[in-house]
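Colleague: What follows is run00.pdb; its format and atoms are PDB, C-alpha atoms.
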ATOM      1  CA  MET A 201     177.583 119.436   3.789  1.00  0.00           C
ATOM      2  CA  GLY A 202     178.014 121.469   6.913  1.00  0.00           C
ATOM      3  CA  ARG A 203     177.934 120.313  10.462  1.00  0.00           C
ATOM      4  CA  ARG A 204     175.083 121.021  12.802  1.00  0.00           C
ATOM      5  CA  ALA A 205     175.635 124.091  14.991  1.00  0.00           C
ATOM      6  CA  LYS A 206     176.295 123.297  18.634  1.00  0.00           C
ATOM      7  CA  LYS A 207     174.522 125.112  21.428  1.00  0.00           C
ATOM      8  CA  ALA A 208     176.679 127.220  23.673  1.00  0.00           C
ATOM      9  CA  PRO A 209     177.061 125.626  27.096  1.00  0.00           C
ATOM     10  CA  VAL A 210     174.879 127.192  29.776  1.00  0.00           C
ATOM     11  CA  GLN A 211     176.889 129.413  32.072  1.00  0.00           C
ATOM     12  CA  THR A 212     175.913 128.921  35.697  1.00  0.00           C
ATOM     13  CA  LYS A 213     176.868 131.500  38.254  1.00  0.00           C
ATOM     14  CA  LYS A 214     178.710 130.223  41.257  1.00  0.00           C
ATOM     15  CA  ARG A 215     176.746 130.757  44.423  1.00  0.00           C
ATOM     16  CA  GLN A 216     178.637 132.633  47.091  1.00  0.00           C
ATOM     17  CA  THR A 217     179.300 130.544  50.141  1.00  0.00           C
ATOM     18  CA  LEU A 218     178.648 132.218  53.447  1.00  0.00           C
ATOM     19  CA  ALA A 219     181.284 132.039  56.133  1.00  0.00           C
ATOM     20  CA  LYS A 220     181.007 129.431  58.875  1.00  0.00           C
ATOM     21  CA  ARG A 221     184.030 130.674  60.828  1.00  0.00           C
ATOM     22  CA  PHE A 222     184.138 134.146  62.298  1.00  0.00           C
ATOM     23  CA  LYS A 223     186.318 136.552  64.263  1.00  0.00           C
ATOM     24  CA  CYS A 224     185.784 136.260  68.017  1.00  0.00           C
ATOM     25  CA  PRO A 225     184.476 139.499  69.573  1.00  0.00           C
ATOM     26  CA  PHE A 226     186.271 138.729  72.851  1.00  0.00           C
ATOM     27  CA  CYS A 227     189.755 137.510  71.891  1.00  0.00           C
ATOM     28  CA  ALA A 228     189.797 139.043  68.351  1.00  0.00           C
ATOM     29  CA  ASN A 229     191.298 135.953  66.704  1.00  0.00           C
ATOM     30  CA  GLU A 230     190.381 135.471  63.054  1.00  0.00           C
ATOM     31  CA  GLU A 231     188.320 132.401  62.139  1.00  0.00           C
ATOM     32  CA  SER A 232     188.353 131.011  65.665  1.00  0.00           C
ATOM     33  CA  VAL A 233     184.577 130.959  66.172  1.00  0.00           C
ATOM     34  CA  GLU A 234     182.821 127.958  64.640  1.00  0.00           C
ATOM     35  CA  CYS A 235     179.097 127.786  64.104  1.00  0.00           C
ATOM     36  CA  LYS A 236     177.112 124.577  64.415  1.00  0.00           C
ATOM     37  CA  MET A 237     173.520 124.515  63.231  1.00  0.00           C
ATOM     38  CA  ASP A 238     171.270 121.772  64.630  1.00  0.00           C
ATOM     39  CA  PHE A 239     168.036 122.172  62.694  1.00  0.00           C
ATOM     40  CA  ARG A 240     166.393 119.113  64.278  1.00  0.00           C
ATOM     41  CA  ALA A 241     166.845 120.545  67.760  1.00  0.00           C
ATOM     42  CA  GLY A 242     166.311 124.105  66.495  1.00  0.00           C
ATOM     43  CA  LEU A 243     169.527 125.348  68.059  1.00  0.00           C
ATOM     44  CA  GLY A 244     172.428 127.328  66.624  1.00  0.00           C
ATOM     45  CA  SER A 245     175.624 127.440  68.655  1.00  0.00           C
ATOM     46  CA  LEU A 246     178.875 129.371  68.387  1.00  0.00           C
ATOM     47  CA  ASN A 247     182.122 128.382  70.132  1.00  0.00           C
ATOM     48  CA  CYS A 248     185.502 130.087  70.157  1.00  0.00           C
ATOM     49  CA  ARG A 249     188.362 127.577  70.044  1.00  0.00           C
ATOM     50  CA  ILE A 250     190.827 130.016  71.650  1.00  0.00           C
ATOM     51  CA  CYS A 251     189.056 131.737  74.549  1.00  0.00           C
ATOM     52  CA  GLY A 252     186.118 129.332  74.984  1.00  0.00           C
ATOM     53  CA  ALA A 253     183.373 131.938  74.544  1.00  0.00           C
ATOM     54  CA  SER A 254     180.097 130.395  73.464  1.00  0.00           C
ATOM     55  CA  TYR A 255     176.604 131.455  72.426  1.00  0.00           C
ATOM     56  CA  GLN A 256     173.383 129.610  71.596  1.00  0.00           C
ATOM     57  CA  MET A 257     170.084 130.742  70.122  1.00  0.00           C
ATOM     58  CA  PRO A 258     166.930 129.125  68.758  1.00  0.00           C
ATOM     59  CA  ILE A 259     166.898 128.802  64.961  1.00  0.00           C
ATOM     60  CA  HIS A 260     164.614 127.650  62.167  1.00  0.00           C
ATOM     61  CA  HIS A 261     165.167 126.395  58.629  1.00  0.00           C
ATOM     62  CA  LEU A 262     165.864 129.873  57.186  1.00  0.00           C
ATOM     63  CA  HIS A 263     168.712 130.766  59.554  1.00  0.00           C
ATOM     64  CA  GLU A 264     172.308 130.792  58.345  1.00  0.00           C
ATOM     65  CA  PRO A 265     175.481 130.789  60.476  1.00  0.00           C
ATOM     66  CA  ILE A 266     175.971 134.515  59.852  1.00  0.00           C
ATOM     67  CA  ASP A 267     172.531 135.155  61.385  1.00  0.00           C
ATOM     68  CA  VAL A 268     173.539 133.439  64.615  1.00  0.00           C
ATOM     69  CA  PHE A 269     176.847 135.315  64.715  1.00  0.00           C
ATOM     70  CA  SER A 270     175.227 138.705  64.096  1.00  0.00           C
ATOM     71  CA  GLU A 271     172.674 138.011  66.838  1.00  0.00           C
ATOM     72  CA  TRP A 272     175.577 137.211  69.182  1.00  0.00           C
ATOM     73  CA  LEU A 273     177.249 140.505  68.299  1.00  0.00           C
ATOM     74  CA  ASP A 274     173.965 142.359  68.920  1.00  0.00           C
ATOM     75  CA  ASP A 275     173.618 140.728  72.340  1.00  0.00           C
ATOM     76  CA  CYS A 276     177.247 141.538  73.199  1.00  0.00           C
ATOM     77  CA  GLU A 277     176.681 145.167  72.220  1.00  0.00           C
ATOM     78  CA  ALA A 278     173.462 145.312  74.250  1.00  0.00           C
ATOM     79  CA  ALA A 279     175.261 143.908  77.294  1.00  0.00           C
ATOM     80  CA  ALA A 280     178.082 146.420  76.876  1.00  0.00           C
ATOM     81  CA  THR A 281     175.711 149.384  76.773  1.00  0.00           C
ATOM     82  CA  GLY A 282     173.765 148.063  79.746  1.00  0.00           C
ATOM     83  CA  ARG A 283     170.396 147.693  78.056  1.00  0.00           C
ATOM     84  CA  SER A 284     168.330 144.562  77.688  1.00  0.00           C
ATOM     85  CA  ASN A 285     168.134 142.371  74.594  1.00  0.00           C
ATOM     86  CA  GLY A 286     166.806 144.197  71.523  1.00  0.00           C
ATOM     87  CA  ASN A 287     164.227 141.449  70.891  1.00  0.00           C
ATOM     88  CA  GLU A 288     162.195 142.391  73.947  1.00  0.00           C
ATOM     89  CA  GLU A 289     159.359 144.804  73.487  1.00  0.00           C
ATOM     90  CA  GLN A 290     160.003 148.348  74.543  1.00  0.00           C
ATOM     91  CA  PRO A 291     157.575 149.643  77.182  1.00  0.00           C
ATOM     92  CA  GLN A 292     154.944 151.705  75.466  1.00  0.00           C
ATOM     93  CA  GLN A 293     153.199 154.680  76.955  1.00  0.00           C
ATOM     94  CA  GLN A 294     149.810 153.780  78.403  1.00  0.00           C
ATOM     95  CA  TYR A 295     146.913 156.089  77.614  1.00  0.00           C
ATOM     96  CA  ASP A 296     143.815 156.287  79.746  1.00  0.00           C
ATOM     97  CA  GLU A 297     140.852 156.743  77.427  1.00  0.00           C
ATOM     98  CA  GLU A 298     138.534 157.630  80.286  1.00  0.00           C
ATOM     99  CA  SER A 299     140.586 160.618  81.346  1.00  0.00           C
ATOM    100  CA  GLU A 300     139.228 163.887  79.998  1.00  0.00           C
ATOM    101  CA  ASP A 301     142.073 166.019  81.330  1.00  0.00           C
ATOM    102  CA  ASP A 302     144.253 166.518  78.294  1.00  0.00           C
ATOM    103  CA  GLU A 303     147.379 168.320  79.275  1.00  0.00           C
ATOM    104  CA  ILE A 304     147.521 170.572  76.228  1.00  0.00           C
ATOM    105  CA  PRO A 305     149.165 173.934  76.864  1.00  0.00           C
ATOM    106  CA  GLU A 306     146.968 177.013  76.501  1.00  0.00           C
ATOM    107  CA  ALA A 307     149.113 178.451  73.699  1.00  0.00           C
ATOM    108  CA  SER A 308     148.317 175.565  71.343  1.00  0.00           C
ATOM    109  CA  GLY A 309     144.877 176.997  70.546  1.00  0.00           C
ATOM    110  CA  LEU A 310     143.244 173.592  70.805  1.00  0.00           C
ATOM    111  CA  GLN A 311     141.374 174.222  74.043  1.00  0.00           C
ATOM    112  CA  SER A 312     138.083 176.052  74.045  1.00  0.00           C
ATOM    113  CA  LYS A 313     138.068 179.863  74.270  1.00  0.00           C
ATOM    114  CA  PRO A 314     135.971 181.671  76.897  1.00  0.00           C
ATOM    115  CA  ALA A 315     132.372 182.321  75.790  1.00  0.00           C
ATOM    116  CA  ALA A 316     132.602 186.036  76.683  1.00  0.00           C
ATOM    117  CA  GLN A 317     133.128 186.986  73.034  1.00  0.00           C
ATOM    118  CA  SER A 318     129.555 187.108  71.756  1.00  0.00           C
ATOM    119  CA  ASN A 319     130.033 189.612  68.929  1.00  0.00           C
ATOM    120  CA  LYS A 320     131.380 187.560  66.012  1.00  0.00           C
ATOM    121  CA  GLY A 321     132.794 190.518  64.033  1.00  0.00           C
ATOM    122  CA  SER A 322     134.831 191.831  66.919  1.00  0.00           C
ATOM    123  CA  ALA A 323     135.800 188.291  67.883  1.00  0.00           C
ATOM    124  CA  ALA A 324     137.181 187.657  64.401  1.00  0.00           C
ATOM    125  CA  LYS A 325     138.948 191.010  64.425  1.00  0.00           C
ATOM    126  CA  GLN A 326     140.364 190.342  67.877  1.00  0.00           C
ATOM    127  CA  SER A 327     141.509 186.835  66.992  1.00  0.00           C
ATOM    128  CA  LEU A 328     143.285 188.213  63.912  1.00  0.00           C
ATOM    129  CA  THR A 329     145.045 190.812  66.020  1.00  0.00           C
ATOM    130  CA  ASP A 330     145.987 188.111  68.541  1.00  0.00           C
ATOM    131  CA  LEU A 331     147.611 186.199  65.719  1.00  0.00           C
ATOM    132  CA  GLY A 332     149.351 189.257  64.347  1.00  0.00           C
ATOM    133  CA  LEU A 333     147.379 189.114  61.117  1.00  0.00           C
ATOM    134  CA  ASP A 334     145.434 192.353  61.402  1.00  0.00           C
ATOM    135  CA  ASP A 335     145.110 194.496  58.286  1.00  0.00           C
ATOM    136  CA  SER A 336     147.463 197.420  58.830  1.00  0.00           C
ATOM    137  CA  ASP A 337     145.953 199.328  55.845  1.00  0.00           C
ATOM    138  CA  SER A 338     142.516 199.692  57.421  1.00  0.00           C
ATOM    139  CA  ASP A 339     141.799 202.722  59.597  1.00  0.00           C
ATOM    140  CA  ASP A 340     138.901 201.110  61.519  1.00  0.00           C
ATOM    141  CA  GLU A 341     140.611 201.371  64.878  1.00  0.00           C
TER     142      GLU A 341
END
Translate this file's structure into structure tokens.
Modeller:
Amino acid sequence: MGRRAKKAPVQTKKRQTLAKRFKCPFCANEESVECKMDFRAGLGSLNCRICGASYQMPIHHLHEPIDVFSEWLDDCEAAATGRSNGNEEQPQQQYDEESEDDEIPEASGLQSKPAAQSNKGSAAKQSLTDLGLDDSDSDDE
């Protein structure tokens, strides 16, 4: 009599752990910035143990420490380039719907043509010559 076959043990993949210590963007020391996540207060904070640089931002249950650190780097980069925080809305161009003066250049062909061209055949012929599409084989001219 043979033994009963055993099931192979289930292989579980190890979940990668995300870093909680980071390189400081100011003093460039490795693993000197610690992240503390306070989900009850909704606040994520970063502190460098060497130079004392700190950063805080509002968080929710989906945030990870790397999210807070990357937001800090984005804000540091924005401050270095002299622009405001990337989360603010960019000013959009305002359009006045009541204005009928569209500033379309004459060459675009979108504005109305003068009504002086009453003969449709010559108008079509003239518009083709204006476009450079006239039939060079015809001897009508």
Colleague: By how many Å are atom CA of A:Lys223 and atom CA of A:Ser270 apart?
Modeller: 11.3 Å
Colleague: Residues near A:Phe239, anyone? I mean within 10 Å using all atoms listed in the file, not counting same-chain ones fewer than 6 positions away, as a list in words.
Modeller: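 Here the answer would be Pro258, Ile259, His260, His261, Leu262 and His263 of chain A.
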Colleague: For the structure shown, which residues end up in the PyMOL selection byres ((chain A and resi 251) around 12)? Put them as a VMD selection string, please?
Modeller: chain A and resid 223 to 229 232 to 233 247 to 250 252 to 254
Colleague: For the residues in that selection, give me C-alpha atoms as a compact mmCIF listing (two decimals), in the coordinates of the input.
Modeller:
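Output file result.txt is given in full below:
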# COMPACT_ATOMS: atom_id res chain seq x y z
CA LYS A 223 186.32 136.55 64.26
CA CYS A 224 185.78 136.26 68.02
CA PRO A 225 184.48 139.50 69.57
CA PHE A 226 186.27 138.73 72.85
CA CYS A 227 189.76 137.51 71.89
CA ALA A 228 189.80 139.04 68.35
CA ASN A 229 191.30 135.95 66.70
CA SER A 232 188.35 131.01 65.67
CA VAL A 233 184.58 130.96 66.17
CA ASN A 247 182.12 128.38 70.13
CA CYS A 248 185.50 130.09 70.16
CA ARG A 249 188.36 127.58 70.04
CA ILE A 250 190.83 130.02 71.65
CA GLY A 252 186.12 129.33 74.98
CA ALA A 253 183.37 131.94 74.54
CA SER A 254 180.10 130.40 73.46
Colleague: What separation in Å, quoted to one decimal, exists between atom CA of A:Leu246 and atom CA of A:Glu234?
Modeller: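 These atoms are spaced 5.6 Å apart.
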Colleague: Would you mind reading off the distance between atom CA of A:Arg221 and atom CA of A:Cys276, one decimal, in Å?
Modeller: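 Interatomic distance, atom CA of A:Arg221 to atom CA of A:Cys276: 17.8 Å.
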Colleague: Given only C-alpha atoms as the basis, pick out the residue of A:Glu271, A:Gln256, A:Arg215, A:Ala205 nearest to A:Gly242.
Modeller: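 So, comparing all the options, the nearest one is A:Gln256.
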Colleague: Hey, what's within 8 Å of A:Phe269 if we count only C-alpha atoms and toss same-chain stuff fewer than 4 positions away? As a list in words, please?
Modeller: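 So the residues in contact are Phe222, Cys235, Leu246, Pro265 and Leu273 of chain A.
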Colleague: Counting only C-alpha atoms, which residue out of A:Glu264, A:Tyr255, A:Lys206, A:Trp272 sits closest to A:Leu218?
Modeller: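 Using only C-alpha atoms, A:Leu218 sits closest to A:Glu264.
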